[in-house]
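Below is one structure, written out as structure tokens; comments come after it.
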Amino acid sequence: MNEGAYVQEIFGIPFNISNDLPGLLAAIIVFFTMFWLSRKIRLKPTGRQNVLEWIIDFTNGIIKSTMPNKEGSQFGLLIFTLFSFIFVSNQLGLMLQVNVNNIDYIRSPTADAMTTMTLAFMVLLFAHFLGVKKFGFRGYIKNTYLSPIPYLLPISILEEFTNFLTLALRLYGNIYSGEVLLKLIYEFGKSFGLVSFIPAIPLELIWQAFSVFIGSIQAYVFVTLTMVYISQKIEKE
Amino acid sequence: MGTDFILGTVATSVKWGDMLFYLVLFIVLLALLKHFAWGPVNEMMDKRANKIADDIDSAEDARQKAEELAEKRQSALKESHVEASQIIERAKKNGEQQKNIIVENAHSEAQSFKETAKQDIVRERQDALEGVKNDVAELSLEIASKVISKNLQLGDQKALIDSYIEGLGKQNEVK
């Protein structure tokens, strides 16, 4: 949001606390949920273990759709963590928004371009690293930039940047716009007292429901595209 | 709150600390999830997949073994049928042979019995005849001695004795 950010410098590095705090909260929620789900693991799954295995099967399914099973299984943990973290981050701001003195303390961490860019940067760097590791530097250059036809090199290079930007900004834009609209509806509810407060309730409800849907879809899209980019780097075209 | 906070201002510079923060946060989350949730659950899922595969294999094995056993039993049953009929056949043949042998033996035995009986009869008659001859001789001797001892005194009955002895001789010849 355009509200003020609570920026703290530690060792000369500027930290945006109003961005870091919700991220930490989301990570804690993810960790404790998964920790709670993974107690009492048995060969014959029951209750919570079923839920966890369903989530794992879902993320493994995303990998399987882009990559053969043998190669893809090594990315299981990454995709599982990425999906659960982004999913919780997307939903966090819909349930909980803490704003003190015009400074956000808790909202969706993914409603900040910095967060999504970090995640996108991380996975794309990882993809490029895997490409170099698999084909060697020469093979990586050839596979990524010079195939199928060498004179598309400029476009190929440009594509890497657009991949990064679209991956990051798609997620950011969706979640940010969702939160903006939530706040607008809230402002609208406040503006004319009871007359606007009552119609604002179902509006907010509907938009929240839609945002839950968008947040889930965007988490899914993000990890799917991550897998697509990784598979582009480690598979010969 | 110190002076190094910038409050309520639009961020003009990139807060690149966030990048570090999120990288570290994500990697720590990755490691924690791996240790506490992903690792154990995945291990268990693998174990389950292996177990199911093993179970299917062993079920297939068991089924094949059962089929083989059934086949073996069937063939053994057939063989035993054949064998039983063979045994019965053989027993019948043996019985027939045995019967023939026994009957033949009985026949020959009976024949030999008959033979020996006939021979015995003949021999016995011979023996009896000889015995009678001896007896007659002895008797005649005794009679003779007695007659002689008596007739030494009674010479008049000599004609009777003579006729006696003659009669005996005739009887012997008739026999």
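Letters A, B, ... mark the chains of the structure tokens in the order given; residue numbers begin at 1 per chain; ligand numbers begin at 1, in order shown.
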**Message:** I'd like the contact shell of stretch 18-24 of chain A - 12 Å cut-off, only C-alpha atoms, skipping same-chain residues fewer than 5 positions apart - returned as a ChimeraX atom specification.
**Reply:** /A:1-8,29-31,85-93,96-100,102-116,118-119 /B:7-8,11,15-26,28-29
**Asked** Neighbours of B:Val41 within 8 Å (only C-alpha atoms; same-chain residues fewer than 6 positions away dropped), as a list in words?
**Response**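 In the requested format, the answer is Ser38, Ile41, Gln49 and Glu53 of chain A.
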**Straight-line distance linking atom CA of A:Lys190 with atom CA of A:Glu204, stated in Å to one decimal** = 12.4 Å
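Residues with any atom within 12 Å of A:Leu158, counting only C-alpha atoms and excluding same-chain neighbours fewer than 6 positions away, are Thr144, Tyr145, Leu152, Phe164 and Leu165 of chain A.
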Write the residues of the selection above to a file with N, CA and C atoms, as a short mmCIF file (atom, residue, chain, number, x, y, z; two decimals), in the first residue's frame.
```
data_model
loop_
_atom_site.label_atom_id
_atom_site.label_comp_id
_atom_site.auth_asym_id
_atom_site.auth_seq_id
_atom_site.Cartn_x
_atom_site.Cartn_y
_atom_site.Cartn_z
N THR A 144 19.76 -22.60 -23.79
CA THR A 144 18.84 -21.55 -23.35
C THR A 144 18.70 -20.43 -24.38
N TYR A 145 19.83 -20.03 -25.02
CA TYR A 145 19.78 -18.80 -25.83
C TYR A 145 19.91 -19.05 -27.32
N LEU A 152 17.70 -15.75 -32.80
CA LEU A 152 16.70 -15.27 -31.85
C LEU A 152 17.33 -14.89 -30.51
N PHE A 164 11.11 -13.27 -15.53
CA PHE A 164 11.28 -12.86 -14.14
C PHE A 164 10.22 -11.85 -13.74
N LEU A 165 10.05 -10.83 -14.59
CA LEU A 165 9.11 -9.76 -14.24
C LEU A 165 7.67 -10.26 -14.21
#
```
**Asked** Out of stretch 3-80 of chain A, which residues get strand (DSSP E or B) from DSSP, as a ChimeraX atom specification?
**Response** /A:4,7-10,13-16
Expected file: the selected residues, all heavy atoms, as a PDB file, in the first residue's frame:
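Output (out11.pdb):
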```
ATOM      1  N   GLY A   4       2.648   4.353   4.945  1.00  0.00           N
ATOM      2  CA  GLY A   4       4.046   4.396   5.320  1.00  0.00           C
ATOM      3  C   GLY A   4       4.604   3.035   5.625  1.00  0.00           C
ATOM      4  O   GLY A   4       3.900   2.115   6.031  1.00  0.00           O
ATOM      5  N   VAL A   7      10.591   1.304   8.253  1.00  0.00           N
ATOM      6  CA  VAL A   7      11.885   0.855   7.750  1.00  0.00           C
ATOM      7  C   VAL A   7      12.923   0.947   8.842  1.00  0.00           C
ATOM      8  O   VAL A   7      13.042   1.965   9.533  1.00  0.00           O
ATOM      9  CB  VAL A   7      12.330   1.688   6.529  1.00  0.00           C
ATOM     10  CG1 VAL A   7      13.708   1.252   6.070  1.00  0.00           C
ATOM     11  CG2 VAL A   7      11.317   1.549   5.421  1.00  0.00           C
ATOM     12  N   GLN A   8      13.651  -0.123   9.020  1.00  0.00           N
ATOM     13  CA  GLN A   8      14.699  -0.147  10.021  1.00  0.00           C
ATOM     14  C   GLN A   8      15.996  -0.552   9.351  1.00  0.00           C
ATOM     15  O   GLN A   8      16.032  -1.493   8.563  1.00  0.00           O
ATOM     16  CB  GLN A   8      14.348  -1.151  11.117  1.00  0.00           C
ATOM     17  CG  GLN A   8      15.530  -1.469  12.025  1.00  0.00           C
ATOM     18  CD  GLN A   8      15.191  -1.256  13.470  1.00  0.00           C
ATOM     19  OE1 GLN A   8      14.103  -1.586  13.907  1.00  0.00           O
ATOM     20  NE2 GLN A   8      16.122  -0.680  14.207  1.00  0.00           N
ATOM     21  N   GLU A   9      17.057   0.173   9.650  1.00  0.00           N
ATOM     22  CA  GLU A   9      18.349  -0.197   9.084  1.00  0.00           C
ATOM     23  C   GLU A   9      19.123  -1.020  10.092  1.00  0.00           C
ATOM     24  O   GLU A   9      19.287  -0.634  11.243  1.00  0.00           O
ATOM     25  CB  GLU A   9      19.148   1.054   8.693  1.00  0.00           C
ATOM     26  CG  GLU A   9      18.580   1.715   7.459  1.00  0.00           C
ATOM     27  CD  GLU A   9      19.609   2.590   6.740  1.00  0.00           C
ATOM     28  OE1 GLU A   9      20.812   2.469   7.053  1.00  0.00           O
ATOM     29  OE2 GLU A   9      19.195   3.399   5.894  1.00  0.00           O
ATOM     30  N   ILE A  10      19.566  -2.197   9.662  1.00  0.00           N
ATOM     31  CA  ILE A  10      20.404  -3.035  10.510  1.00  0.00           C
ATOM     32  C   ILE A  10      21.693  -3.277   9.740  1.00  0.00           C
ATOM     33  O   ILE A  10      21.670  -3.780   8.613  1.00  0.00           O
ATOM     34  CB  ILE A  10      19.706  -4.375  10.821  1.00  0.00           C
ATOM     35  CG1 ILE A  10      18.377  -4.116  11.542  1.00  0.00           C
ATOM     36  CG2 ILE A  10      20.605  -5.255  11.663  1.00  0.00           C
ATOM     37  CD1 ILE A  10      17.491  -5.321  11.684  1.00  0.00           C
ATOM     38  N   ILE A  13      21.759  -2.071   6.285  1.00  0.00           N
ATOM     39  CA  ILE A  13      20.866  -2.677   5.302  1.00  0.00           C
ATOM     40  C   ILE A  13      19.438  -2.271   5.652  1.00  0.00           C
ATOM     41  O   ILE A  13      18.985  -2.503   6.773  1.00  0.00           O
ATOM     42  CB  ILE A  13      20.972  -4.205   5.323  1.00  0.00           C
ATOM     43  CG1 ILE A  13      22.423  -4.636   5.104  1.00  0.00           C
ATOM     44  CG2 ILE A  13      20.050  -4.838   4.295  1.00  0.00           C
ATOM     45  CD1 ILE A  13      22.680  -6.085   5.396  1.00  0.00           C
ATOM     46  N   PRO A  14      18.741  -1.635   4.707  1.00  0.00           N
ATOM     47  CA  PRO A  14      17.380  -1.211   5.036  1.00  0.00           C
ATOM     48  C   PRO A  14      16.387  -2.378   5.000  1.00  0.00           C
ATOM     49  O   PRO A  14      16.270  -3.055   3.993  1.00  0.00           O
ATOM     50  CB  PRO A  14      17.059  -0.199   3.939  1.00  0.00           C
ATOM     51  CG  PRO A  14      17.943  -0.578   2.796  1.00  0.00           C
ATOM     52  CD  PRO A  14      19.164  -1.217   3.366  1.00  0.00           C
ATOM     53  N   PHE A  15      15.735  -2.601   6.127  1.00  0.00           N
ATOM     54  CA  PHE A  15      14.708  -3.639   6.206  1.00  0.00           C
ATOM     55  C   PHE A  15      13.342  -2.988   6.317  1.00  0.00           C
ATOM     56  O   PHE A  15      13.152  -2.115   7.168  1.00  0.00           O
ATOM     57  CB  PHE A  15      14.923  -4.539   7.427  1.00  0.00           C
ATOM     58  CG  PHE A  15      16.025  -5.531   7.244  1.00  0.00           C
ATOM     59  CD1 PHE A  15      17.311  -5.249   7.695  1.00  0.00           C
ATOM     60  CD2 PHE A  15      15.789  -6.750   6.620  1.00  0.00           C
ATOM     61  CE1 PHE A  15      18.327  -6.175   7.524  1.00  0.00           C
ATOM     62  CE2 PHE A  15      16.811  -7.667   6.454  1.00  0.00           C
ATOM     63  CZ  PHE A  15      18.086  -7.380   6.900  1.00  0.00           C
ATOM     64  N   ASN A  16      12.418  -3.394   5.464  1.00  0.00           N
ATOM     65  CA  ASN A  16      11.056  -2.902   5.538  1.00  0.00           C
ATOM     66  C   ASN A  16      10.271  -3.826   6.469  1.00  0.00           C
ATOM     67  O   ASN A  16       9.791  -4.876   6.062  1.00  0.00           O
ATOM     68  CB  ASN A  16      10.453  -2.887   4.132  1.00  0.00           C
ATOM     69  CG  ASN A  16       9.060  -2.287   4.131  1.00  0.00           C
ATOM     70  OD1 ASN A  16       8.514  -1.973   5.191  1.00  0.00           O
ATOM     71  ND2 ASN A  16       8.492  -2.137   2.956  1.00  0.00           N
TER      72      ASN A  16
END
```
**Message:** Under the rule that only C-alpha atoms are counted, which of B:Leu69, B:Ala31, B:Ala62, B:Ile161 is the nearest residue to B:Ser145?
**Reply:**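 Answer, going by the shortest atom-to-atom distance: B:Ile161.
Reported to one decimal place, the separation of atom CA of A:Tyr176 from atom CA of A:Leu203 is 17.9 Å.
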**Request:** as an MDAnalysis selection string, please: all residues of stretch 11-191 of chain A that backbone DSSP puts in alpha helix (DSSP H).
**Result:** chainID A and resid 17:37 48:64 69:72 76:95 113:145 153:191
**Prompt:** Got a sec: who's within 10 Å of A:Gln218, counting only C-alpha atoms, leaving out chain neighbours fewer than 6 positions off, as JSON, numbers by chain?
**Reply:** {"A": [83, 86, 87, 90, 170, 171, 172, 174, 175, 212, 224]}
**Request:** Could you please determine the separation between atom CA of A:Leu169 and atom CA of A:Met117 in Å, to one decimal place?
**Result:**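 One can read the atom CA of A:Leu169 to atom CA of A:Met117 distance as 7.4 Å.
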**Request:** Choose the residue, out of B:Glu43, B:Ile27, B:Arg48, B:Ile143, that has the smallest atom-to-atom separation from chain A; count only C-alpha atoms.
**Result:** B:Arg48
**Message:** Using only C-alpha atoms, can you tell me which of A:Thr81, A:Thr66, A:Thr46, A:Thr162 comes closest to chain B?
**Reply:** A:Thr81
**Request:** Give the answer as one residue: which of A:Gly61, A:Pro45, A:Gly12, A:Gly76 has the shortest atom-to-atom distance to B:Gly39, using only C-alpha atoms?
**Result:** A:Gly76
**Which residue of B:Val136, B:Ala66, B:Val122, B:Ala37 approaches A:Arg48 most closely, using only C-alpha atoms** =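 Ranked by minimum distance to A:Arg48, first place goes to B:Ala37.
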